[in-house]
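As provided, model-v6.cif (mmCIF, N, CA and C atoms and all ligand atoms) reads as follows.
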```cif
data_protein
#
loop_
_atom_site.label_atom_id
_atom_site.label_comp_id
_atom_site.auth_asym_id
_atom_site.auth_seq_id
_atom_site.Cartn_x
_atom_site.Cartn_y
_atom_site.Cartn_z
N MET F 1 177.08 75.60 -48.42
CA MET F 1 177.06 74.32 -47.69
C MET F 1 177.08 74.59 -46.19
N LYS F 2 176.14 74.02 -45.48
CA LYS F 2 176.11 74.15 -44.02
C LYS F 2 176.13 72.77 -43.39
N THR F 3 176.59 72.72 -42.15
CA THR F 3 176.64 71.47 -41.41
C THR F 3 175.78 71.59 -40.15
N VAL F 4 174.92 70.62 -39.95
CA VAL F 4 174.08 70.60 -38.76
C VAL F 4 174.24 69.23 -38.10
N THR F 5 174.37 69.21 -36.78
CA THR F 5 174.52 67.93 -36.09
C THR F 5 173.15 67.40 -35.66
N CYS F 6 173.15 66.11 -35.40
CA CYS F 6 171.94 65.46 -34.88
C CYS F 6 171.46 66.21 -33.63
N ARG F 7 172.39 66.57 -32.76
CA ARG F 7 172.05 67.28 -31.53
C ARG F 7 171.34 68.61 -31.83
N GLU F 8 171.84 69.32 -32.85
CA GLU F 8 171.24 70.61 -33.20
C GLU F 8 169.84 70.44 -33.81
N MET F 9 169.57 69.22 -34.29
CA MET F 9 168.24 68.94 -34.84
C MET F 9 167.30 68.43 -33.75
N GLY F 10 167.79 68.42 -32.51
CA GLY F 10 166.96 67.96 -31.40
C GLY F 10 167.28 66.54 -30.98
N GLY F 11 168.31 65.96 -31.58
CA GLY F 11 168.67 64.57 -31.28
C GLY F 11 169.73 64.48 -30.19
N PRO F 12 170.14 63.26 -29.89
CA PRO F 12 171.03 63.00 -28.77
C PRO F 12 172.50 62.79 -29.14
N CYS F 13 172.90 62.79 -30.41
CA CYS F 13 174.29 62.49 -30.73
C CYS F 13 174.91 63.59 -31.59
N ASP F 14 176.18 63.43 -31.93
CA ASP F 14 176.91 64.49 -32.63
C ASP F 14 177.21 64.16 -34.08
N MET F 15 176.48 63.22 -34.64
CA MET F 15 176.61 62.93 -36.06
C MET F 15 176.27 64.21 -36.85
N ALA F 16 177.11 64.52 -37.87
CA ALA F 16 176.92 65.78 -38.61
C ALA F 16 176.42 65.51 -40.03
N PHE F 17 175.58 66.42 -40.52
CA PHE F 17 175.00 66.30 -41.87
C PHE F 17 175.26 67.58 -42.63
N GLU F 18 175.68 67.43 -43.89
CA GLU F 18 175.99 68.60 -44.71
C GLU F 18 174.98 68.73 -45.83
N GLY F 19 174.70 69.96 -46.22
CA GLY F 19 173.82 70.16 -47.36
C GLY F 19 173.72 71.61 -47.75
N GLU F 20 173.15 71.84 -48.94
CA GLU F 20 172.97 73.20 -49.45
C GLU F 20 171.67 73.81 -48.94
N THR F 21 170.68 72.97 -48.67
CA THR F 21 169.39 73.48 -48.19
C THR F 21 169.01 72.78 -46.89
N MET F 22 168.14 73.44 -46.12
CA MET F 22 167.70 72.84 -44.86
C MET F 22 166.92 71.55 -45.12
N TYR F 23 166.28 71.44 -46.29
CA TYR F 23 165.51 70.24 -46.59
C TYR F 23 166.44 69.05 -46.86
N GLU F 24 167.55 69.34 -47.54
CA GLU F 24 168.53 68.30 -47.81
C GLU F 24 169.10 67.77 -46.49
N VAL F 25 169.48 68.70 -45.60
CA VAL F 25 170.08 68.31 -44.33
C VAL F 25 169.04 67.61 -43.44
N ALA F 26 167.82 68.11 -43.46
CA ALA F 26 166.76 67.47 -42.67
C ALA F 26 166.51 66.05 -43.17
N GLY F 27 166.61 65.86 -44.49
CA GLY F 27 166.44 64.53 -45.07
C GLY F 27 167.52 63.58 -44.62
N LYS F 28 168.77 64.07 -44.62
CA LYS F 28 169.88 63.23 -44.17
C LYS F 28 169.75 62.91 -42.69
N GLY F 29 169.36 63.93 -41.92
CA GLY F 29 169.16 63.71 -40.48
C GLY F 29 168.06 62.69 -40.23
N GLY F 30 167.00 62.80 -41.03
CA GLY F 30 165.88 61.87 -40.88
C GLY F 30 166.29 60.44 -41.19
N GLN F 31 167.11 60.28 -42.24
CA GLN F 31 167.60 58.93 -42.58
C GLN F 31 168.43 58.36 -41.44
N HIS F 32 169.27 59.22 -40.85
CA HIS F 32 170.09 58.80 -39.71
C HIS F 32 169.20 58.36 -38.56
N ILE F 33 168.20 59.16 -38.24
CA ILE F 33 167.31 58.83 -37.12
C ILE F 33 166.66 57.47 -37.34
N MET F 34 166.20 57.23 -38.57
CA MET F 34 165.47 55.99 -38.85
C MET F 34 166.39 54.77 -38.87
N THR F 35 167.71 54.97 -38.97
CA THR F 35 168.61 53.81 -38.94
C THR F 35 169.10 53.52 -37.53
N THR F 36 168.76 54.36 -36.56
CA THR F 36 169.19 54.12 -35.18
C THR F 36 168.24 53.14 -34.52
N THR F 37 168.75 52.49 -33.48
CA THR F 37 167.89 51.54 -32.74
C THR F 37 167.99 51.78 -31.24
N ASP F 38 168.78 52.77 -30.84
CA ASP F 38 169.00 52.97 -29.40
C ASP F 38 167.87 53.79 -28.77
N ALA F 39 167.83 53.71 -27.44
CA ALA F 39 166.77 54.39 -26.70
C ALA F 39 166.89 55.91 -26.80
N ALA F 40 168.12 56.40 -26.95
CA ALA F 40 168.34 57.85 -26.98
C ALA F 40 167.63 58.50 -28.17
N HIS F 41 167.58 57.78 -29.30
CA HIS F 41 166.92 58.32 -30.49
C HIS F 41 165.43 57.97 -30.58
N GLN F 42 164.96 57.19 -29.61
CA GLN F 42 163.57 56.70 -29.66
C GLN F 42 162.54 57.82 -29.80
N PRO F 43 162.64 58.88 -28.99
CA PRO F 43 161.62 59.95 -29.11
C PRO F 43 161.58 60.55 -30.52
N MET F 44 162.76 60.68 -31.15
CA MET F 44 162.80 61.26 -32.50
C MET F 44 162.24 60.28 -33.52
N ARG F 45 162.53 58.98 -33.34
CA ARG F 45 161.95 57.98 -34.26
C ARG F 45 160.43 57.99 -34.15
N ASP F 46 159.94 58.06 -32.92
CA ASP F 46 158.48 58.07 -32.71
C ASP F 46 157.86 59.28 -33.38
N GLN F 47 158.54 60.42 -33.23
CA GLN F 47 158.02 61.66 -33.81
C GLN F 47 157.96 61.54 -35.33
N MET F 48 158.99 60.91 -35.93
CA MET F 48 159.01 60.79 -37.39
C MET F 48 157.97 59.80 -37.88
N LYS F 49 157.77 58.70 -37.12
CA LYS F 49 156.82 57.67 -37.53
C LYS F 49 155.38 58.09 -37.28
N ASN F 50 155.16 58.69 -36.14
CA ASN F 50 153.78 58.96 -35.70
C ASN F 50 153.41 60.44 -35.71
N GLY F 51 154.38 61.27 -36.08
CA GLY F 51 154.12 62.71 -36.03
C GLY F 51 153.04 63.15 -37.00
N THR F 52 152.31 64.16 -36.63
CA THR F 52 151.27 64.72 -37.50
C THR F 52 151.91 65.67 -38.52
N GLU F 53 151.18 65.97 -39.58
CA GLU F 53 151.66 66.96 -40.55
C GLU F 53 151.91 68.29 -39.85
N GLU F 54 151.00 68.61 -38.93
CA GLU F 54 151.12 69.86 -38.17
C GLU F 54 152.43 69.87 -37.38
N GLY F 55 152.72 68.75 -36.73
CA GLY F 55 153.94 68.63 -35.93
C GLY F 55 155.18 68.77 -36.78
N LYS F 56 155.14 68.16 -37.99
CA LYS F 56 156.29 68.25 -38.90
C LYS F 56 156.48 69.69 -39.38
N LYS F 57 155.37 70.37 -39.63
CA LYS F 57 155.44 71.76 -40.06
C LYS F 57 156.10 72.61 -38.97
N GLU F 58 155.66 72.36 -37.73
CA GLU F 58 156.22 73.12 -36.60
C GLU F 58 157.71 72.84 -36.44
N TRP F 59 158.09 71.56 -36.68
CA TRP F 59 159.51 71.22 -36.56
C TRP F 59 160.32 71.98 -37.60
N PHE F 60 159.81 72.09 -38.83
CA PHE F 60 160.52 72.80 -39.88
C PHE F 60 160.62 74.29 -39.60
N VAL F 61 159.56 74.86 -39.01
CA VAL F 61 159.59 76.27 -38.64
C VAL F 61 160.71 76.50 -37.61
N TRP F 62 160.76 75.57 -36.62
CA TRP F 62 161.81 75.65 -35.61
C TRP F 62 163.19 75.42 -36.24
N PHE F 63 163.29 74.42 -37.10
CA PHE F 63 164.58 74.07 -37.69
C PHE F 63 165.09 75.20 -38.58
N LYS F 64 164.19 75.94 -39.22
CA LYS F 64 164.60 77.05 -40.07
C LYS F 64 165.35 78.10 -39.24
N THR F 65 164.93 78.31 -37.98
CA THR F 65 165.62 79.28 -37.13
C THR F 65 167.04 78.80 -36.82
N VAL F 66 167.18 77.47 -36.61
CA VAL F 66 168.51 76.89 -36.38
C VAL F 66 169.37 77.06 -37.64
N TRP F 67 168.76 76.72 -38.77
CA TRP F 67 169.45 76.77 -40.07
C TRP F 67 169.92 78.18 -40.38
N ASP F 68 169.03 79.16 -40.17
CA ASP F 68 169.33 80.56 -40.51
C ASP F 68 170.45 81.15 -39.65
N LYS F 69 170.63 80.60 -38.43
CA LYS F 69 171.70 81.08 -37.55
C LYS F 69 173.07 80.59 -38.01
N LYS F 70 173.05 79.52 -38.81
CA LYS F 70 174.31 78.97 -39.30
C LYS F 70 174.89 79.85 -40.40
N VAL F 71 176.22 79.92 -40.45
CA VAL F 71 176.81 80.72 -41.54
C VAL F 71 177.50 79.82 -42.56
ZN ZN D 1 171.84 60.97 -33.82
#
```

Kindly transcribe the structure held in the file into structure tokens.
Amino acid sequence: MKTVTCREMGGPCDMAFEGETMYEVAGKGGQHIMTTTDAAHQPMRDQMKNGTEEGKKEWFVWFKTVWDKKV
């Protein structure tokens, strides 16, 4: 089980998400992003709504490096 914060996922707040896999945690983080309405999370909401498959792939490649550094 690892914990990743919204901030560590590239977001603006310290909400934390727990999971066994990076996909589980990314899913929880994504749900959190989509329930926000503030300006601070706007860039991440836009990325999730309008992002390309290529962009999402790149995000996961980047997020895997964050995930792998966690113990
Ligand atoms: Zn957040």

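Separating atom CA of F:Ala40 from atom N of F:Glu24 is a distance of 23.6 Å.
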
Distance of atom N of F:Asp46 from atom CA of F:Thr3, expressed in Å to one decimal place: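 Those two atoms sit 23.0 Å apart.
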
Residues within 7 Å of ligand ZN 1 (chain D) (all atoms listed in the file), as a list in words? Thr5, Cys6, Arg7, Gly11, Pro12, Cys13, Asp14, Met15, His32, Ile33 and His41 of chain F

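As for atom CA of F:Thr37 and atom CA of F:Asn50, they are spaced 16.2 Å apart.
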
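Distances here use only C-alpha atoms; by that measure, the residue among F:Ala39, F:Ala16, F:Met44, F:Met22 closest to F:Lys69 is F:Met22.
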
Counting only C-alpha atoms, figure out which residue out of F:Trp59, F:Glu54, F:Tyr23, F:Gln31 gets nearest to F:Gly10.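 Smallest separation from F:Gly10 among the options: F:Trp59.
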
In chain F, DSSP strand (DSSP E) residues written as a ChimeraX atom specification: /F:2-5,16-19

Residues around (179.5, 75.5, -47.5), cut-off 8 Å, counting all atoms listed in the file - what are they as an mmCIF file with N, CA and C atoms, keeping the file's coordinate frame?
```cif
data_model
loop_
_atom_site.group_PDB
_atom_site.id
_atom_site.type_symbol
_atom_site.label_atom_id
_atom_site.label_comp_id
_atom_site.auth_asym_id
_atom_site.auth_seq_id
_atom_site.Cartn_x
_atom_site.Cartn_y
_atom_site.Cartn_z
ATOM 1 N N MET F 1 177.080 75.600 -48.420
ATOM 2 C CA MET F 1 177.060 74.320 -47.690
ATOM 3 C C MET F 1 177.080 74.590 -46.190
ATOM 4 N N LYS F 2 176.140 74.020 -45.480
ATOM 5 C CA LYS F 2 176.110 74.150 -44.020
ATOM 6 C C LYS F 2 176.130 72.770 -43.390
ATOM 7 N N THR F 3 176.590 72.720 -42.150
ATOM 8 C CA THR F 3 176.640 71.470 -41.410
ATOM 9 C C THR F 3 175.780 71.590 -40.150
ATOM 10 N N GLY F 19 174.700 69.960 -46.220
ATOM 11 C CA GLY F 19 173.820 70.160 -47.360
ATOM 12 C C GLY F 19 173.720 71.610 -47.750
ATOM 13 N N GLU F 20 173.150 71.840 -48.940
ATOM 14 C CA GLU F 20 172.970 73.200 -49.450
ATOM 15 C C GLU F 20 171.670 73.810 -48.940
ATOM 16 N N VAL F 71 176.220 79.920 -40.450
ATOM 17 C CA VAL F 71 176.810 80.720 -41.540
ATOM 18 C C VAL F 71 177.500 79.820 -42.560
#
```

If you run DSSP on the backbone, which residues of stretch 2-70 of chain F are helix (DSSP H, G or I), as a ChimeraX atom specification? /F:7-9,22-35,39-50,53-69

List the spatial neighbours of F:Met9 as a PyMOL selection string - criterion: any atom at most 8 Å away, all atoms listed in the file, same-chain residues fewer than 4 positions off excluded. chain F and resi 4-5+29+63
